[in-house]
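Following: one structure in structure tokens, then a few remarks.
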Amino acid sequence: LANTEQEIHVEVKVFPSNLSWIFTAVYANPRYAERQVLWENLSKVADHQNKPWIIAGDFNEPLAEEDKFGGRPVNINRSLLFKECLDKCNMVDMGFNGLKYT
């Protein structure tokens, strides 16, 4: 459907049921200014589609301090902007299985 250097959007169609949904693969830029462009793009996708939607990948922005190990502390203002984007897109963090920080 669309792609940028940080995201790829595809429509998945399941035959013969004719069910379809959106899948977005993300690899967010390590630079904050570039990630803001991603948050804006995801919000636009949310505004223009009404199908079930899964987003997966590396967002390069922790939502909470426990999502990070070492380095600089979490910037709460940037985390809140990321959370605002996820809320606008009606996204829920599904968690993970396996080792943390891999």
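Chain labels A, B, ... are given in the sequence in which chains occur in the structure tokens; within each chain residues are numbered consecutively from 1, and ligands are likewise numbered from 1 in the order shown.
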
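The shell of residues at most 10 Å from A:Ala64, with only C-alpha atoms counted and near chain neighbours (fewer than 2 positions) removed, consists of A:Glu61, A:Pro62, A:Glu66, A:Asp67, A:Lys68, A:Pro73, A:Val74, A:Asn75, A:Ile76, A:Ser79, A:Leu80.
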
Residue subset to file, keeping N, CA and C atoms, as a PDB file, in the first residue's frame:
```
ATOM      1  N   GLU A  61      11.739   3.742  20.683  1.00  0.00           N
ATOM      2  CA  GLU A  61      11.234   4.660  21.705  1.00  0.00           C
ATOM      3  C   GLU A  61      10.556   3.846  22.795  1.00  0.00           C
ATOM      4  N   PRO A  62      11.153   3.787  23.974  1.00  0.00           N
ATOM      5  CA  PRO A  62      10.506   3.029  25.056  1.00  0.00           C
ATOM      6  C   PRO A  62       9.303   3.787  25.618  1.00  0.00           C
ATOM      7  N   GLU A  66      11.307   0.634  32.410  1.00  0.00           N
ATOM      8  CA  GLU A  66      11.593  -0.809  32.457  1.00  0.00           C
ATOM      9  C   GLU A  66      11.707  -1.437  31.067  1.00  0.00           C
ATOM     10  N   ASP A  67      11.373  -0.685  30.025  1.00  0.00           N
ATOM     11  CA  ASP A  67      11.523  -1.171  28.651  1.00  0.00           C
ATOM     12  C   ASP A  67      12.935  -0.954  28.125  1.00  0.00           C
ATOM     13  N   LYS A  68      13.815  -0.413  28.958  1.00  0.00           N
ATOM     14  CA  LYS A  68      15.144  -0.014  28.522  1.00  0.00           C
ATOM     15  C   LYS A  68      16.192  -0.536  29.495  1.00  0.00           C
ATOM     16  N   PRO A  73      18.689   7.900  30.359  1.00  0.00           N
ATOM     17  CA  PRO A  73      17.356   7.625  30.911  1.00  0.00           C
ATOM     18  C   PRO A  73      16.267   7.883  29.870  1.00  0.00           C
ATOM     19  N   VAL A  74      15.118   7.294  30.077  1.00  0.00           N
ATOM     20  CA  VAL A  74      13.967   7.495  29.194  1.00  0.00           C
ATOM     21  C   VAL A  74      13.530   8.957  29.273  1.00  0.00           C
ATOM     22  N   ASN A  75      13.283   9.559  28.117  1.00  0.00           N
ATOM     23  CA  ASN A  75      12.759  10.914  28.045  1.00  0.00           C
ATOM     24  C   ASN A  75      11.242  10.819  28.094  1.00  0.00           C
ATOM     25  N   ILE A  76      10.656  11.215  29.207  1.00  0.00           N
ATOM     26  CA  ILE A  76       9.218  11.032  29.418  1.00  0.00           C
ATOM     27  C   ILE A  76       8.388  11.793  28.384  1.00  0.00           C
ATOM     28  N   SER A  79       8.385   9.741  25.240  1.00  0.00           N
ATOM     29  CA  SER A  79       7.568   8.544  25.465  1.00  0.00           C
ATOM     30  C   SER A  79       6.082   8.881  25.412  1.00  0.00           C
ATOM     31  N   LEU A  80       5.713  10.034  25.957  1.00  0.00           N
ATOM     32  CA  LEU A  80       4.305  10.453  25.930  1.00  0.00           C
ATOM     33  C   LEU A  80       3.834  10.735  24.504  1.00  0.00           C
TER      34      LEU A  80
END
```

Residues at most 8 Å from stretch 6-22 of chain A, counting only C-alpha atoms, excluding those fewer than 2 positions away in the same chain, as an mmCIF file with N, CA, C and O atoms, in the first residue's frame?
```
data_model
loop_
_atom_site.group_PDB
_atom_site.id
_atom_site.type_symbol
_atom_site.label_atom_id
_atom_site.label_comp_id
_atom_site.auth_asym_id
_atom_site.auth_seq_id
_atom_site.Cartn_x
_atom_site.Cartn_y
_atom_site.Cartn_z
ATOM 1 N N LEU A 1 0.820 -1.201 0.000
ATOM 2 C CA LEU A 1 0.000 0.000 0.000
ATOM 3 C C LEU A 1 0.862 1.262 0.000
ATOM 4 O O LEU A 1 0.557 2.203 -0.704
ATOM 5 N N ALA A 2 1.914 1.254 0.839
ATOM 6 C CA ALA A 2 2.796 2.426 0.922
ATOM 7 C C ALA A 2 4.063 2.041 1.668
ATOM 8 O O ALA A 2 4.076 1.063 2.425
ATOM 9 N N ASN A 3 5.116 2.833 1.458
ATOM 10 C CA ASN A 3 6.334 2.600 2.229
ATOM 11 C C ASN A 3 7.161 3.880 2.302
ATOM 12 O O ASN A 3 7.062 4.746 1.440
ATOM 13 N N THR A 4 7.922 3.981 3.389
ATOM 14 C CA THR A 4 8.924 5.030 3.560
ATOM 15 C C THR A 4 10.165 4.320 4.075
ATOM 16 O O THR A 4 10.171 3.096 4.234
ATOM 17 N N THR A 24 1.724 -3.449 9.222
ATOM 18 C CA THR A 24 2.760 -2.441 9.078
ATOM 19 C C THR A 24 4.027 -2.918 9.769
ATOM 20 O O THR A 24 3.993 -3.283 10.944
ATOM 21 N N ALA A 25 5.123 -2.941 9.031
ATOM 22 C CA ALA A 25 6.444 -3.254 9.592
ATOM 23 C C ALA A 25 7.174 -1.930 9.798
ATOM 24 O O ALA A 25 7.193 -1.081 8.905
ATOM 25 N N VAL A 26 7.743 -1.774 11.003
ATOM 26 C CA VAL A 26 8.383 -0.516 11.386
ATOM 27 C C VAL A 26 9.826 -0.760 11.788
ATOM 28 O O VAL A 26 10.129 -1.715 12.507
ATOM 29 N N TYR A 27 10.712 0.098 11.316
ATOM 30 C CA TYR A 27 12.041 0.231 11.907
ATOM 31 C C TYR A 27 12.281 1.727 12.041
ATOM 32 O O TYR A 27 12.668 2.403 11.084
ATOM 33 N N ALA A 28 12.007 2.252 13.231
ATOM 34 C CA ALA A 28 12.071 3.693 13.461
ATOM 35 C C ALA A 28 13.512 4.184 13.482
ATOM 36 O O ALA A 28 14.402 3.525 14.014
ATOM 37 N N ASN A 29 13.706 5.344 12.927
ATOM 38 C CA ASN A 29 15.021 5.970 12.875
ATOM 39 C C ASN A 29 15.512 6.259 14.293
ATOM 40 O O ASN A 29 14.728 6.665 15.145
ATOM 41 N N LEU A 38 7.537 9.474 11.536
ATOM 42 C CA LEU A 38 6.879 8.164 11.588
ATOM 43 C C LEU A 38 5.582 8.244 12.368
ATOM 44 O O LEU A 38 4.560 7.717 11.936
ATOM 45 N N LYS A 51 -9.775 -1.090 8.729
ATOM 46 C CA LYS A 51 -9.589 -2.542 8.801
ATOM 47 C C LYS A 51 -8.789 -2.893 10.050
ATOM 48 O O LYS A 51 -8.107 -2.037 10.616
ATOM 49 N N PRO A 52 -8.845 -4.149 10.479
ATOM 50 C CA PRO A 52 -7.948 -4.570 11.556
ATOM 51 C C PRO A 52 -6.508 -4.277 11.148
ATOM 52 O O PRO A 52 -6.148 -4.367 9.968
ATOM 53 N N TRP A 53 -5.674 -3.929 12.163
ATOM 54 C CA TRP A 53 -4.332 -3.428 11.849
ATOM 55 C C TRP A 53 -3.346 -3.942 12.879
ATOM 56 O O TRP A 53 -3.586 -3.837 14.085
ATOM 57 N N ILE A 54 -2.237 -4.478 12.410
ATOM 58 C CA ILE A 54 -1.133 -4.903 13.280
ATOM 59 C C ILE A 54 0.113 -4.134 12.860
ATOM 60 O O ILE A 54 0.424 -4.043 11.669
#
```

Any chance you could list, as JSON, numbers by chain, the residues in stretch 3-68 of chain A that come up strand (DSSP E) when DSSP is run on the backbone?
{"A": [3, 7, 8, 9, 10, 11, 12, 13, 14, 19, 20, 21, 22, 23, 24, 25, 26, 27, 53, 54, 55, 56, 57, 58]}

Out of chain A, which residues get alpha helix (DSSP H) from DSSP, as a short mmCIF file (atom, residue, chain, number, x, y, z; two decimals) with C-alpha atoms, in the first residue's frame?
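Below is the file that was written, states14.cif:
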```cif
data_model
loop_
_atom_site.label_atom_id
_atom_site.label_comp_id
_atom_site.auth_asym_id
_atom_site.auth_seq_id
_atom_site.Cartn_x
_atom_site.Cartn_y
_atom_site.Cartn_z
CA TYR A 32 14.07 11.66 17.33
CA ALA A 33 13.14 14.19 14.64
CA GLU A 34 12.82 11.36 12.10
CA ARG A 35 10.71 9.27 14.51
CA GLN A 36 8.27 12.17 14.78
CA VAL A 37 7.69 11.85 11.03
CA LEU A 38 6.88 8.16 11.59
CA TRP A 39 4.37 8.99 14.36
CA GLU A 40 2.66 11.46 12.00
CA ASN A 41 2.56 8.89 9.18
CA LEU A 42 1.06 6.20 11.41
CA SER A 43 -1.58 8.65 12.62
CA LYS A 44 -2.50 9.43 8.99
CA VAL A 45 -2.85 5.72 8.21
CA ALA A 46 -5.16 5.36 11.23
CA ASP A 47 -7.31 8.23 9.93
CA HIS A 48 -7.71 6.65 6.49
CA ILE A 76 9.22 11.03 29.42
CA ASN A 77 8.09 13.74 26.97
CA ARG A 78 9.15 11.66 23.95
CA SER A 79 7.57 8.54 25.47
CA LEU A 80 4.30 10.45 25.93
CA LEU A 81 4.33 11.54 22.28
CA PHE A 82 4.87 7.91 21.24
CA LYS A 83 2.02 6.82 23.53
CA GLU A 84 -0.19 9.54 22.04
CA CYS A 85 0.50 8.12 18.57
CA LEU A 86 -0.31 4.57 19.70
CA ASP A 87 -3.54 5.80 21.31
CA LYS A 88 -4.56 7.70 18.17
#
```

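Take atom CA of A:Met94 and atom CA of A:Phe69: the distance between them is 19.8 Å.
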